[in-house]
>>> print(open('upload.tsv').read())   # TSV, C-alpha atoms and all ligand atoms
chain	number	residue	atom	x	y	z
B	516	MET	CA	0.00	0.00	0.00
B	517	GLU	CA	1.31	3.38	-0.93
B	518	THR	CA	1.51	5.84	1.91
B	519	SER	CA	0.24	9.18	0.71
B	520	ARG	CA	2.63	12.13	0.51
B	521	ARG	CA	0.55	14.03	3.04
B	522	THR	CA	0.58	11.18	5.57
B	523	VAL	CA	4.38	10.86	5.37
B	524	LEU	CA	4.86	14.60	5.66
B	525	ALA	CA	2.45	14.91	8.56
B	526	ALA	CA	4.28	12.09	10.38
B	527	ALA	CA	7.59	13.76	9.64
B	528	ALA	CA	6.39	17.13	10.89
B	529	ALA	CA	5.13	15.51	14.10
B	530	ALA	CA	8.53	13.88	14.58
B	531	GLY	CA	10.23	17.23	13.95
B	532	LEU	CA	12.03	15.81	10.94
B	533	THR	CA	11.03	18.26	8.22
B	534	ALA	CA	13.38	20.94	9.50
B	535	VAL	CA	16.44	18.78	8.83
B	536	ALA	CA	18.42	20.22	5.92
B	537	ALA	CA	20.51	17.84	3.84
B	538	THR	CA	23.01	20.58	3.02
B	539	PRO	CA	23.32	22.73	6.13
B	540	GLY	CA	24.18	26.41	5.89
B	541	THR	CA	22.47	27.11	2.57
B	542	ALA	CA	19.36	29.08	1.67
B	543	HIS	CA	16.06	27.30	2.09
B	544	ALA	CA	12.97	28.40	0.24
B	545	LYS	CA	9.61	28.21	1.99
B	546	GLU	CA	7.13	25.63	0.69
B	547	GLY	CA	5.17	27.12	-2.18
B	548	ALA	CA	7.03	30.45	-2.07
B	549	LYS	CA	8.92	32.12	-4.89
B	550	PRO	CA	12.32	30.45	-5.43
B	551	VAL	CA	15.24	32.03	-3.57
B	552	LYS	CA	18.36	33.15	-5.44
B	553	GLU	CA	21.95	33.20	-4.19
B	554	LEU	CA	25.37	33.55	-5.76
B	555	PHE	CA	26.91	30.12	-6.34
B	556	GLY	CA	30.21	31.00	-7.99
B	557	THR	CA	32.03	32.78	-10.79
B	558	LEU	CA	33.27	31.15	-13.98
B	559	ALA	CA	36.84	31.72	-15.24
B	560	ASP	CA	35.53	34.35	-17.72
B	561	GLY	CA	33.94	36.33	-14.87
B	562	THR	CA	30.33	35.21	-15.47
B	563	LYS	CA	28.37	34.91	-12.24
B	564	VAL	CA	26.44	31.72	-11.64
B	565	HIS	CA	23.42	31.69	-9.34
B	566	ARG	CA	21.71	28.95	-7.43
B	567	TRP	CA	17.96	28.85	-6.96
B	568	THR	CA	16.27	27.01	-4.11
B	569	LEU	CA	12.68	25.80	-4.53
B	570	ALA	CA	10.32	23.83	-2.32
B	571	ASN	CA	6.77	22.64	-2.88
B	572	GLY	CA	4.58	19.70	-1.93
B	573	GLY	CA	7.39	18.15	0.13
B	574	THR	CA	10.01	18.24	-2.66
B	575	ARG	CA	13.05	20.51	-2.41
B	576	MET	CA	15.37	21.39	-5.22
B	577	LYS	CA	18.47	23.46	-5.94
B	578	VAL	CA	19.12	24.55	-9.50
B	579	LEU	CA	22.11	26.35	-11.04
B	580	SER	CA	21.96	28.88	-13.87
B	581	TYR	CA	25.02	27.01	-15.21
B	582	GLY	CA	23.71	24.13	-17.33
B	583	GLY	CA	20.30	24.34	-15.63
B	584	ILE	CA	21.91	21.83	-13.29
B	585	VAL	CA	19.78	20.23	-10.60
B	586	GLN	CA	22.39	20.36	-7.88
B	587	SER	CA	20.19	18.82	-5.24
B	588	LEU	CA	16.81	17.08	-5.18
B	589	GLU	CA	15.55	16.26	-1.70
B	590	ILE	CA	12.63	13.92	-1.05
B	591	PRO	CA	11.50	12.08	2.09
B	592	ASP	CA	11.70	8.35	2.77
B	593	ARG	CA	8.82	6.38	4.29
B	594	HIS	CA	9.62	7.86	7.71
B	595	GLY	CA	9.76	11.41	6.38
B	596	ARG	CA	13.56	11.56	6.40
B	597	TYR	CA	14.92	13.73	3.63
B	598	ALA	CA	17.90	12.88	1.44
B	599	ASN	CA	19.39	14.45	-1.65
B	600	VAL	CA	18.73	11.76	-4.26
B	601	SER	CA	20.79	13.31	-7.07
B	602	LEU	CA	24.53	13.08	-7.66
B	603	GLY	CA	26.47	16.31	-8.01
B	604	PHE	CA	29.06	18.64	-6.55
B	605	ASP	CA	29.36	21.34	-3.87
B	606	THR	CA	31.19	23.88	-6.01
B	607	LEU	CA	30.95	25.51	-9.41
B	608	ASP	CA	34.64	24.76	-10.02
B	609	ALA	CA	33.95	21.03	-9.74
B	610	TYR	CA	31.09	21.26	-12.28
B	611	ALA	CA	33.16	23.40	-14.67
B	612	ALA	CA	36.29	21.24	-14.37
B	613	SER	CA	34.84	17.84	-15.23
B	614	SER	CA	31.32	16.57	-14.77
B	615	PRO	CA	29.71	13.59	-16.47
B	616	TYR	CA	26.66	15.84	-17.04
B	617	PHE	CA	25.53	15.60	-13.38
B	618	GLY	CA	22.00	17.03	-13.16
B	619	ALA	CA	22.38	19.03	-16.38
B	620	LEU	CA	20.09	20.03	-19.20
B	621	ILE	CA	21.29	18.35	-22.38
B	622	GLY	CA	21.12	19.91	-25.85
B	623	ARG	CA	21.00	20.60	-28.65
B	624	TYR	CA	20.97	16.86	-29.18
B	625	GLY	CA	20.78	14.52	-26.18
B	626	ASN	CA	22.63	11.22	-26.74
B	627	ARG	CA	24.89	10.32	-29.66
B	628	ILE	CA	25.02	11.20	-33.34
B	629	GLY	CA	27.10	8.64	-35.22
B	630	GLY	CA	30.26	9.87	-36.94
B	631	SER	CA	29.41	13.36	-35.59
B	632	ARG	CA	27.61	14.27	-38.81
B	633	PHE	CA	24.22	14.20	-40.44
B	634	THR	CA	22.59	15.32	-43.66
B	635	LEU	CA	19.49	17.53	-43.71
B	636	ASP	CA	17.79	18.76	-46.90
B	637	GLY	CA	20.79	17.55	-48.90
B	638	ARG	CA	23.37	19.41	-46.84
B	639	GLU	CA	25.88	17.68	-44.59
B	640	TYR	CA	26.67	19.12	-41.16
B	641	GLN	CA	29.87	18.33	-39.25
B	642	LEU	CA	29.32	18.41	-35.50
B	643	SER	CA	31.66	18.78	-32.54
B	644	VAL	CA	33.35	15.38	-31.96
B	645	ASN	CA	33.62	14.54	-28.25
B	646	ASP	CA	32.99	10.80	-27.77
B	647	GLY	CA	35.27	8.62	-29.88
B	648	PRO	CA	34.08	9.26	-33.45
B	649	ASN	CA	30.67	10.47	-32.25
B	650	SER	CA	29.04	13.63	-30.97
B	651	LEU	CA	27.58	13.14	-27.49
B	652	HIS	CA	25.06	15.37	-25.69
B	653	GLY	CA	25.40	18.34	-28.03
B	654	GLY	CA	29.18	18.29	-28.41
B	655	ALA	CA	32.16	19.58	-26.44
B	656	ALA	CA	30.30	22.63	-25.11
B	657	GLY	CA	26.64	21.64	-25.09
B	658	PHE	CA	23.74	23.23	-23.20
B	659	ASP	CA	25.06	21.67	-19.98
B	660	LYS	CA	28.02	24.11	-20.07
B	661	ARG	CA	26.04	27.26	-20.89
B	662	VAL	CA	24.76	29.89	-18.50
B	663	TRP	CA	20.97	30.15	-18.79
B	664	ASP	CA	18.73	33.15	-18.07
B	665	VAL	CA	16.52	32.17	-15.15
B	666	GLU	CA	13.15	33.64	-14.11
B	667	PRO	CA	11.44	32.36	-10.96
B	668	PHE	CA	7.69	32.03	-10.58
B	669	SER	CA	5.12	30.92	-8.05
B	670	GLY	CA	1.44	30.58	-8.69
B	671	PRO	CA	-1.51	28.20	-8.97
B	672	ARG	CA	0.43	25.63	-11.01
B	673	GLY	CA	3.29	25.50	-8.54
B	674	VAL	CA	6.68	27.09	-8.02
B	675	GLY	CA	9.42	26.97	-10.54
B	676	LEU	CA	11.97	28.43	-12.88
B	677	VAL	CA	11.86	29.36	-16.54
B	678	LEU	CA	15.31	28.84	-18.05
B	679	ARG	CA	16.19	30.31	-21.42
B	680	TYR	CA	19.18	29.82	-23.67
B	681	VAL	CA	19.73	30.98	-27.23
B	682	SER	CA	22.10	28.75	-29.16
B	683	ALA	CA	23.71	30.56	-32.09
B	684	ASP	CA	23.46	29.33	-35.67
B	685	GLY	CA	26.42	27.00	-36.19
B	686	GLU	CA	27.13	26.41	-32.49
B	687	MET	CA	28.77	22.98	-32.10
B	688	GLY	CA	28.13	22.55	-35.84
B	689	TYR	CA	24.32	22.64	-35.66
B	690	PRO	CA	22.41	24.77	-38.15
B	691	GLY	CA	19.91	27.40	-37.02
B	692	ARG	CA	19.62	29.78	-34.09
B	693	LEU	CA	17.78	27.74	-31.49
B	694	ASP	CA	15.71	29.64	-28.96
B	695	THR	CA	15.27	27.22	-26.05
B	696	THR	CA	13.02	27.50	-23.01
B	697	VAL	CA	12.96	24.90	-20.26
B	698	THR	CA	10.55	25.19	-17.34
B	699	TYR	CA	11.06	23.35	-14.07
B	700	THR	CA	7.88	23.23	-11.98
B	701	LEU	CA	7.38	21.76	-8.52
B	702	GLY	CA	3.65	21.11	-8.19
B	703	GLY	CA	1.57	21.22	-5.03
B	704	ASN	CA	1.86	17.42	-4.79
B	705	GLY	CA	5.68	17.55	-4.99
B	706	ASP	CA	5.83	16.50	-8.65
B	707	TRP	CA	8.80	17.80	-10.62
B	708	ARG	CA	7.77	18.62	-14.16
B	709	ILE	CA	10.08	19.65	-17.00
B	710	ASP	CA	8.65	21.39	-20.07
B	711	TYR	CA	10.95	21.91	-23.01
B	712	ALA	CA	10.24	24.22	-25.96
B	713	ALA	CA	12.40	25.41	-28.84
B	714	THR	CA	12.13	27.30	-32.11
B	715	THR	CA	14.65	27.76	-34.91
B	716	ASP	CA	15.29	30.10	-37.84
B	717	ARG	CA	16.73	27.34	-40.07
B	718	PRO	CA	15.97	23.61	-40.34
B	719	THR	CA	17.86	21.78	-37.58
B	720	VAL	CA	17.63	18.77	-35.25
B	721	VAL	CA	16.67	18.92	-31.56
B	722	ASN	CA	16.54	16.35	-28.75
B	723	LEU	CA	16.49	17.87	-25.27
B	724	THR	CA	16.69	15.95	-22.01
B	725	SER	CA	17.76	16.08	-18.38
B	726	HIS	CA	20.77	14.19	-17.06
B	727	THR	CA	20.03	13.79	-13.37
B	728	TYR	CA	21.79	10.82	-11.76
B	729	PHE	CA	19.38	9.33	-9.24
B	730	ASN	CA	20.23	7.36	-6.13
B	731	LEU	CA	17.06	7.07	-4.06
B	732	ALA	CA	19.06	5.91	-1.02
B	733	GLY	CA	20.71	9.34	-1.10
B	734	GLU	CA	23.75	10.71	-2.88
B	735	GLY	CA	26.86	8.83	-1.67
B	736	GLY	CA	24.62	6.06	-0.32
B	737	GLY	CA	26.24	3.22	-2.27
B	738	ASP	CA	25.21	1.65	-5.55
B	739	ILE	CA	21.80	1.47	-7.22
B	740	LEU	CA	21.91	-2.28	-7.98
B	741	GLY	CA	19.21	-2.95	-5.38
B	742	HIS	CA	16.86	-0.32	-6.84
B	743	GLU	CA	13.87	-1.82	-8.64
B	744	LEU	CA	13.18	-0.47	-12.10
B	745	ARG	CA	10.15	-0.87	-14.30
B	746	LEU	CA	10.13	0.23	-17.94
B	747	PRO	CA	6.99	-0.27	-20.05
B	748	ALA	CA	8.98	-1.05	-23.19
B	749	SER	CA	8.86	-4.24	-25.31
B	750	ARG	CA	11.80	-3.22	-27.47
B	751	TYR	CA	15.13	-1.44	-27.19
B	752	THR	CA	17.75	-0.21	-29.64
B	753	PRO	CA	20.90	-2.41	-29.57
B	754	THR	CA	24.11	-0.56	-30.42
B	755	ASP	CA	27.51	-1.01	-32.01
B	756	ALA	CA	30.70	-0.81	-29.93
B	757	THR	CA	30.57	3.02	-29.95
B	758	LEU	CA	26.99	2.96	-28.59
B	759	ILE	CA	25.34	4.01	-31.86
B	760	PRO	CA	22.09	2.08	-32.58
B	761	THR	CA	22.41	-0.61	-35.23
B	762	GLY	CA	18.90	0.32	-36.40
B	763	GLU	CA	17.26	-2.82	-35.06
B	764	LEU	CA	14.35	-2.51	-32.63
B	765	ALA	CA	15.06	-5.70	-30.69
B	766	LYS	CA	12.50	-7.48	-28.51
B	767	VAL	CA	13.32	-7.47	-24.78
B	768	THR	CA	11.57	-10.82	-24.23
B	769	GLY	CA	13.93	-13.35	-22.65
B	770	THR	CA	16.80	-10.83	-22.33
B	771	PRO	CA	18.26	-8.80	-19.43
B	772	PHE	CA	16.56	-5.79	-21.07
B	773	ASP	CA	13.09	-6.90	-20.01
B	774	PHE	CA	12.05	-4.47	-17.25
B	775	ARG	CA	8.35	-4.64	-18.11
B	776	HIS	CA	7.38	-6.27	-14.83
B	777	GLY	CA	9.96	-4.45	-12.71
B	778	LYS	CA	13.10	-6.05	-11.26
B	779	PRO	CA	16.22	-5.10	-9.30
B	780	ILE	CA	18.74	-3.43	-11.60
B	781	GLY	CA	21.50	-5.73	-10.30
B	782	ARG	CA	19.64	-8.93	-11.10
B	783	ASP	CA	20.88	-9.32	-14.69
B	784	ILE	CA	23.47	-6.57	-15.02
B	785	ARG	CA	26.41	-8.99	-14.92
B	786	THR	CA	24.90	-11.35	-17.51
B	787	ALA	CA	27.36	-11.90	-20.38
B	788	HIS	CA	24.86	-10.54	-22.90
B	789	PRO	CA	26.97	-8.92	-25.67
B	790	GLN	CA	25.03	-5.65	-25.34
B	791	LEU	CA	25.76	-5.48	-21.60
B	792	VAL	CA	29.42	-6.32	-22.18
B	793	LEU	CA	30.01	-3.55	-24.70
B	794	ALA	CA	28.21	-0.87	-22.66
B	795	LYS	CA	29.69	-2.13	-19.33
B	796	GLY	CA	26.14	-2.36	-18.00
B	797	PHE	CA	22.89	-0.78	-19.15
B	798	ASP	CA	23.35	2.20	-21.44
B	799	HIS	CA	20.58	1.81	-23.97
B	800	ASN	CA	17.49	3.41	-25.37
B	801	TRP	CA	14.21	1.66	-24.56
B	802	VAL	CA	11.40	2.07	-27.06
B	803	LEU	CA	8.46	3.02	-24.86
B	804	ASP	CA	5.32	1.08	-25.85
B	805	LYS	CA	3.16	4.20	-25.56
B	806	GLY	CA	5.10	6.00	-28.33
B	807	ILE	CA	5.00	9.77	-28.75
B	808	THR	CA	2.12	11.29	-26.80
B	809	ARG	CA	0.66	14.79	-26.56
B	810	ALA	CA	0.52	14.67	-22.76
B	811	PRO	CA	3.10	12.89	-20.58
B	812	GLN	CA	2.26	9.20	-20.13
B	813	TYR	CA	3.70	6.55	-17.84
B	814	ALA	CA	7.33	5.72	-18.71
B	815	ALA	CA	9.17	4.31	-15.65
B	816	THR	CA	9.07	3.46	-11.96
B	817	LEU	CA	12.21	3.47	-9.84
B	818	ARG	CA	12.07	2.34	-6.23
B	819	ASP	CA	14.59	1.87	-3.45
B	820	PRO	CA	13.13	-0.91	-1.28
B	821	VAL	CA	15.27	0.08	1.72
B	822	SER	CA	14.13	3.72	2.08
B	823	GLY	CA	10.86	3.17	0.24
B	824	ARG	CA	11.55	6.25	-1.92
B	825	THR	CA	9.78	5.79	-5.23
B	826	MET	CA	9.87	7.84	-8.41
B	827	ARG	CA	7.39	7.47	-11.23
B	828	MET	CA	8.07	9.11	-14.55
B	829	ALA	CA	5.75	10.11	-17.35
B	830	THR	CA	6.79	11.65	-20.64
B	831	THR	CA	5.66	12.73	-24.08
B	832	GLU	CA	8.84	11.22	-25.57
B	833	PRO	CA	9.05	7.85	-27.39
B	834	GLY	CA	12.37	6.74	-25.84
B	835	MET	CA	14.09	6.32	-22.49
B	836	GLN	CA	17.86	6.04	-22.14
B	837	PHE	CA	18.58	4.04	-19.01
B	838	TYR	CA	22.24	4.50	-18.10
B	839	SER	CA	23.43	2.57	-15.03
B	840	GLY	CA	26.35	4.91	-14.24
B	841	ASN	CA	28.84	2.53	-15.86
B	842	PHE	CA	31.56	5.08	-16.43
B	843	LEU	CA	31.69	6.49	-12.88
B	844	ASP	CA	35.18	5.38	-11.83
B	845	GLY	CA	35.77	6.63	-8.31
B	846	THR	CA	37.66	9.78	-9.34
B	847	LEU	CA	34.82	12.18	-8.46
B	848	HIS	CA	33.14	12.74	-5.13
B	849	GLY	CA	29.93	14.45	-4.13
B	850	PRO	CA	28.79	16.71	-1.28
B	851	SER	CA	28.71	13.68	1.06
B	852	GLY	CA	32.49	13.33	0.57
B	853	ARG	CA	32.03	9.81	-0.80
B	854	THR	CA	33.48	8.88	-4.17
B	855	TYR	CA	31.18	7.95	-7.02
B	856	ARG	CA	31.99	4.49	-8.35
B	857	GLN	CA	30.42	2.42	-11.09
B	858	GLY	CA	26.67	2.09	-10.52
B	859	ASP	CA	26.42	4.69	-7.74
B	860	GLY	CA	23.73	6.57	-9.66
B	861	LEU	CA	21.56	6.04	-12.71
B	862	CYS	CA	20.06	8.23	-15.39
B	863	LEU	CA	16.62	7.92	-16.97
B	864	GLU	CA	16.75	10.25	-19.95
B	865	THR	CA	13.49	10.82	-21.81
B	866	GLN	CA	14.29	11.41	-25.46
B	867	HIS	CA	13.96	10.62	-29.14
B	868	PHE	CA	16.20	7.73	-30.15
B	869	PRO	CA	19.98	8.15	-30.44
B	870	ASP	CA	21.35	8.94	-33.91
B	871	SER	CA	17.86	9.75	-35.26
B	872	PRO	CA	19.26	12.38	-37.67
B	873	ASN	CA	20.92	9.48	-39.55
B	874	ARG	CA	17.96	7.08	-39.23
B	875	PRO	CA	15.00	8.01	-41.42
B	876	ASP	CA	13.15	5.00	-39.95
B	877	PHE	CA	13.30	6.45	-36.38
B	878	PRO	CA	10.83	9.15	-35.21
B	879	SER	CA	12.09	12.45	-36.61
B	880	THR	CA	14.07	15.02	-34.59
B	881	VAL	CA	13.94	17.64	-37.34
B	882	LEU	CA	12.66	21.10	-36.39
B	883	ARG	CA	11.82	23.66	-39.05
B	884	PRO	CA	11.21	27.42	-38.87
B	885	GLY	CA	7.63	28.15	-37.83
B	886	GLU	CA	7.34	24.92	-35.79
B	887	THR	CA	7.76	24.61	-32.02
B	888	TYR	CA	9.60	21.67	-30.50
B	889	ARG	CA	7.81	20.53	-27.35
B	890	SER	CA	8.58	17.82	-24.85
B	891	ALA	CA	7.48	17.24	-21.24
B	892	THR	CA	8.49	14.87	-18.47
B	893	VAL	CA	6.98	14.52	-14.99
B	894	HIS	CA	8.69	12.92	-11.98
B	895	SER	CA	6.31	11.96	-9.16
B	896	PHE	CA	7.64	10.99	-5.75
B	897	SER	CA	6.20	8.84	-2.99
B	898	ALA	CA	7.47	6.55	-0.24
B	899	ARG	CA	6.10	3.11	0.37
B	901	LIG	C1	25.21	8.12	-21.92
B	901	LIG	C2	26.48	7.43	-21.51
B	901	LIG	C3	27.51	8.46	-21.21
B	901	LIG	C4	26.99	9.36	-20.14
B	901	LIG	C5	27.96	10.47	-19.86
B	901	LIG	C6	24.78	8.99	-20.81
B	901	LIG	O1	23.63	9.68	-21.16
B	901	LIG	O2	24.20	7.22	-22.26
B	901	LIG	O3	26.93	6.59	-22.53
B	901	LIG	O4	28.73	7.89	-20.82
B	901	LIG	O5	25.78	9.93	-20.53
B	901	LIG	O6	28.09	10.65	-18.53
>>> encode(input="upload.tsv", output="structure tokens", more="lines below")
Ligand code: BGC
Amino acid sequence: METSRRTVLAAAAAAGLTAVAATPGTAHAKEGAKPVKELFGTLADGTKVHRWTLANGGTRMKVLSYGGIVQSLEIPDRHGRYANVSLGFDTLDAYAASSPYFGALIGRYGNRIGGSRFTLDGREYQLSVNDGPNSLHGGAAGFDKRVWDVEPFSGPRGVGLVLRYVSADGEMGYPGRLDTTVTYTLGGNGDWRIDYAATTDRPTVVNLTSHTYFNLAGEGGGDILGHELRLPASRYTPTDATLIPTGELAKVTGTPFDFRHGKPIGRDIRTAHPQLVLAKGFDHNWVLDKGITRAPQYAATLRDPVSGRTMRMATTEPGMQFYSGNFLDGTLHGPSGRTYRQGDGLCLETQHFPDSPNRPDFPSTVLRPGETYRSATVHSFSAR
């Protein structure tokens, strides 16, 4: 039986637990109030980066203007105890020096484009090469490394931030000036919703996503192999050795990729399936059975049986990249002071399929002048 958010929060308040801050000494926004802004750091070129603190419906979040990074996402366990369930860093320097996209907004194209090039309307475009022969997450300086304009809001639909970034024509090799708006909203029930919108002045390709690494036991709380994951997807896109889809939509039936009924992530992760061997774990795009939808529809459930923290996701997107943190190698550490090793966090990236610009058979990622790219993903939290 699922304990309602209100019941957990009421129990927590009675036990005096809601006042406990996961990161002491930092600004805390009041529930439902306008997000609070503070200076987070200064980039090498002198640009100031701010941090916004939001709280609503029992969910607390800290967001940076740099990369739109979710630096902290705090939710309660079944006893009302809060933990930051997202991997990240304490300082701007750490994010700017080397981050595997912790918490960041990803654009202009989330995931990989094979050979770092694509052809559109008969013209070939050479993209920034940053992952072997491929272009990953928008290239060497994607949207995750840009400073966004941020406007806070609070109102009937919740509290949140409107983030805006204008990507110049030709940036990272992509054609067209892309005007991008991403809205983070914390609803009255604690849901975290992301709305993406973009327009262009020349034909281009777009695939925006969010790269939060989740660990529902809490950042630094060990690996995610015991987390249970459910993905309503009967097929996935197998890849070559550089993680570019082969083009096949393979059935998950009878393979480690079958998460349709939910199972612990660690159950099959060490199976010698060739796809798991080459990706060093799960790092694949699942083809969501629901397909592209106008409104967000059910796309995943992630649950930590120890704390009871549960996250349900819904999206308008046709694909979900589930990445089991395979390339975390113990060289980085988070606010807890603990190092991040393989499998210490996982990403669930709602998206169009990888390498779509080179795959006419995949749902199209082309955006033309006069059209508006739209995508939405909702994360709902509970504890049971
Ligand atoms: C990709 C991984 C990649 C990681 C970078 C994920 O979205 O699927 O292959 O290594 O991002 O941290």
>>> closest_atom_pairs(input="upload.tsv", of="segment 821-896 of chain B", to="segment 568-583 of chain B", cutoff="12 Å", atoms="all atoms listed in the file", output="JSON lines")
{"residue": "B:Met826", "atom": "CA", "partner": "B:Thr574", "partner_atom": "CA", "distance": 11.9}
{"residue": "B:His894", "atom": "CA", "partner": "B:Thr574", "partner_atom": "CA", "distance": 10.8}
{"residue": "B:Ser895", "atom": "CA", "partner": "B:Thr574", "partner_atom": "CA", "distance": 9.8}
{"residue": "B:Phe896", "atom": "CA", "partner": "B:Thr574", "partner_atom": "CA", "distance": 8.2}
>>> residues_near_point(input="upload.tsv", point="(27.6, 11.3, -4.2)", cutoff="7 Å", atoms="only C-alpha atoms", output="compact mmCIF listing (two decimals) with C-alpha atoms, in the coordinates of the input")
# COMPACT_ATOMS: atom_id res chain seq x y z
CA LEU B 602 24.53 13.08 -7.66
CA GLY B 603 26.47 16.31 -8.01
CA GLU B 734 23.75 10.71 -2.88
CA GLY B 735 26.86 8.83 -1.67
CA HIS B 848 33.14 12.74 -5.13
CA GLY B 849 29.93 14.45 -4.13
CA PRO B 850 28.79 16.71 -1.28
CA SER B 851 28.71 13.68 1.06
CA ARG B 853 32.03 9.81 -0.80
CA THR B 854 33.48 8.88 -4.17
CA TYR B 855 31.18 7.95 -7.02
>>> residues_around(input="upload.tsv", residues="Pro753 of chain B", least_positions_apart="4", cutoff="12 Å", atoms="only C-alpha atoms", output="PyMOL selection string")
chain B and resi 757-767+770+772+788-794+797-802+836+868-869
>>> closest_residue(input="upload.tsv", among="B:Leu882, B:Val821, B:Ala898, B:Ile784", to="Tyr838 of chain B", atoms="all atoms listed in the file")
B:Ile784
>>> residues_around(input="upload.tsv", residues="Pro875 of chain B", least_positions_apart="3", cutoff="12 Å", atoms="all atoms listed in the file", output="VMD selection string")
chain B and resid 633 to 635 762 868 870 to 872 878 to 881
>>> closest_residue(input="upload.tsv", among="B:Arg692, B:Arg661, B:Arg824, B:Arg874", to="Arg596 of chain B", atoms="all atoms listed in the file")
B:Arg824
>>> decode(input="upload.tsv", residues="segment 647-658 of chain B", atoms="N, CA and C atoms", output="mmCIF file, in the first residue's frame")
data_model
loop_
_atom_site.group_PDB
_atom_site.id
_atom_site.type_symbol
_atom_site.label_atom_id
_atom_site.label_comp_id
_atom_site.auth_asym_id
_atom_site.auth_seq_id
_atom_site.Cartn_x
_atom_site.Cartn_y
_atom_site.Cartn_z
ATOM 1 N N GLY B 647 34.753 9.457 -28.809
ATOM 2 C CA GLY B 647 35.271 8.616 -29.877
ATOM 3 C C GLY B 647 34.964 9.322 -31.193
ATOM 4 N N PRO B 648 34.403 8.613 -32.161
ATOM 5 C CA PRO B 648 34.085 9.262 -33.445
ATOM 6 C C PRO B 648 32.767 10.045 -33.406
ATOM 7 N N ASN B 649 32.041 9.971 -32.299
ATOM 8 C CA ASN B 649 30.667 10.469 -32.252
ATOM 9 C C ASN B 649 30.537 11.816 -31.537
ATOM 10 N N SER B 650 29.374 12.418 -31.699
ATOM 11 C CA SER B 650 29.040 13.632 -30.974
ATOM 12 C C SER B 650 28.048 13.248 -29.881
ATOM 13 N N LEU B 651 28.405 13.539 -28.635
ATOM 14 C CA LEU B 651 27.575 13.136 -27.491
ATOM 15 C C LEU B 651 27.017 14.369 -26.788
ATOM 16 N N HIS B 652 25.702 14.342 -26.508
ATOM 17 C CA HIS B 652 25.063 15.372 -25.686
ATOM 18 C C HIS B 652 25.351 16.796 -26.164
ATOM 19 N N GLY B 653 25.287 16.982 -27.494
ATOM 20 C CA GLY B 653 25.397 18.336 -28.034
ATOM 21 C C GLY B 653 26.807 18.800 -28.333
ATOM 22 N N GLY B 654 27.805 17.927 -28.086
ATOM 23 C CA GLY B 654 29.185 18.288 -28.415
ATOM 24 C C GLY B 654 29.979 18.767 -27.217
ATOM 25 N N ALA B 655 31.206 19.242 -27.504
ATOM 26 C CA ALA B 655 32.165 19.576 -26.442
ATOM 27 C C ALA B 655 31.633 20.643 -25.481
ATOM 28 N N ALA B 656 30.874 21.592 -25.991
ATOM 29 C CA ALA B 656 30.296 22.628 -25.114
ATOM 30 C C ALA B 656 28.800 22.712 -25.382
ATOM 31 N N GLY B 657 28.093 21.722 -24.897
ATOM 32 C CA GLY B 657 26.642 21.640 -25.086
ATOM 33 C C GLY B 657 25.903 22.535 -24.103
ATOM 34 N N PHE B 658 24.586 22.376 -24.048
ATOM 35 C CA PHE B 658 23.744 23.232 -23.205
ATOM 36 C C PHE B 658 24.063 23.063 -21.717
#
